[in-house]
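Colleague: Quick one: this structure, given as structure tokens, is what I'll be asking you about.
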Amino acid sequence: MRRVILAVTGTIAGLVALLSFRSHVPSAPVAVTTGGSGGTSSSSSSSSSSSSGGGQTEVVPGAFPQGSIAKNLPAGETAVDGKVANTAYGPVQIQLIERSGKIVKVAVLVQPTNTLHDVQIGEFAFPKLISETLAAQSGKIDAVSGATYTSAGYVQSLQSALDKRS
């Protein structure tokens, strides 16, 4: 009898824990990259920078407002927003800045940031994905290991932006 009571209590506790789980919520943008030939971006003192590929990558959690960051573009540059790609951990959306048909900047407009783990994955994956995009100049880039869903959302949004520009 005692074992039955313990089993029922354990089952109820497990169900309560399972039903109280909260899923991820849409979030704020995180990264912007400038190509080697111009453009600057503002950042806060909490940013971390590293050089890669042909440009500078800055990852600044929450530094950019929702929506387009392409304000006051130099002559000849155009901004193309990708569609929002919904992933298992939240939406991902990117924006391309082009000059003469070449991608010179990539900005992450929306990414999952509901948990610290989401932010860490974004800080790790987006600079790599952006660097590959600038190098490949196409949507044919490799996913980042450990950020499979984020990479898939990035590539989906990137491809929709590339399709819009044609």
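Letters for chains follow the order of the structure tokens (A, B, ...), residue numbers begin at 1 for each chain, and ligand numbers begin at 1 in the order shown.
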Check segment 75-129 of chain A with DSSP on the backbone and list each residue it calls strand (DSSP E), as an MDAnalysis selection string.
Modeller: chainID A and resid 77:81 85:87 90:99 102:110
Colleague: I want to know what sits within 12 Å of Gln156 of chain A, based on only C-alpha atoms, with residues of the same chain fewer than 3 positions away left out; could you give that as a list of chain:residue names?
Modeller: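 Using only C-alpha atoms, the neighbours found are A:Asp81, A:Gly82, A:Lys83, A:Val84, A:Ala85, A:Asn86, A:Thr87, A:Pro91, A:Val92, A:Gln93, A:Ile94, A:Ser138, A:Gly139, A:Lys140, A:Ile141, A:Ala143, A:Tyr149, A:Thr150, A:Ser151, A:Ala152, A:Gly153, A:Gln159, A:Ser160, A:Ala161, A:Leu162, A:Asp163.
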Colleague: For Gln95 of chain A, find every residue with an atom within 7 Å (counting only C-alpha atoms), except residues of its own chain fewer than 4 positions away, and show them as number ranges by chain.
Modeller: A: 79-82, 106-109
Colleague: Residues as selected, C-alpha atoms, written as a PDB file, in the first residue's frame, can you do that?
Modeller:
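Saved result, result_7.pdb, follows:
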```pdb
ATOM      1  CA  ALA A  79      18.456  46.645 -47.350  1.00  0.00           C
ATOM      2  CA  VAL A  80      16.509  43.428 -47.807  1.00  0.00           C
ATOM      3  CA  ASP A  81      14.664  41.853 -44.870  1.00  0.00           C
ATOM      4  CA  GLY A  82      14.239  38.095 -44.775  1.00  0.00           C
ATOM      5  CA  VAL A 106      24.196  41.020 -42.405  1.00  0.00           C
ATOM      6  CA  ALA A 107      22.144  41.898 -39.345  1.00  0.00           C
ATOM      7  CA  VAL A 108      20.165  39.557 -37.117  1.00  0.00           C
ATOM      8  CA  LEU A 109      16.898  41.365 -36.470  1.00  0.00           C
TER       9      LEU A 109
END
```
Colleague: By how many Å are atom CA of Ala125 of chain A and atom CA of Ser100 of chain A apart?
Modeller: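 Straight-line distance from atom CA of Ala125 of chain A to atom CA of Ser100 of chain A works out to 27.4 Å.
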Colleague: To one decimal place, how far is atom CA of Gly90 of chain A from atom CA of Glu132 of chain A in Å?
Modeller: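 If I compute the distance from atom CA of Gly90 of chain A to atom CA of Glu132 of chain A, I get 22.3 Å.
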Colleague: Which residue out of A:Ala7, A:Ala135, A:Val16, A:Leu158 has the minimum interatomic distance to Leu96 of chain A when only C-alpha atoms are used?
Modeller: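 Under the stated criterion, the closest residue is A:Leu158.
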Colleague: Could you check the closest approach to Thr148 of chain A for each of A:Ala88, A:Leu116, A:Leu18, A:Leu73 and tell me which residue wins, using only C-alpha atoms?
Modeller: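 The answer is A:Ala88, which sits nearest to Thr148 of chain A.
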Colleague: Please provide as a ChimeraX atom specification all residues within 9 Å of Lys102 of chain A, with the sequence filter that same-chain residues fewer than 4 positions apart are discarded (counting only C-alpha atoms).
Modeller: /A:97-98,134,137
Colleague: May I ask for the distance between atom CA of Lys164 of chain A and atom CA of Val110 of chain A, given in Å to one decimal place?
Modeller: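 So the two atoms, atom CA of Lys164 of chain A and atom CA of Val110 of chain A, lie 18.4 Å apart.
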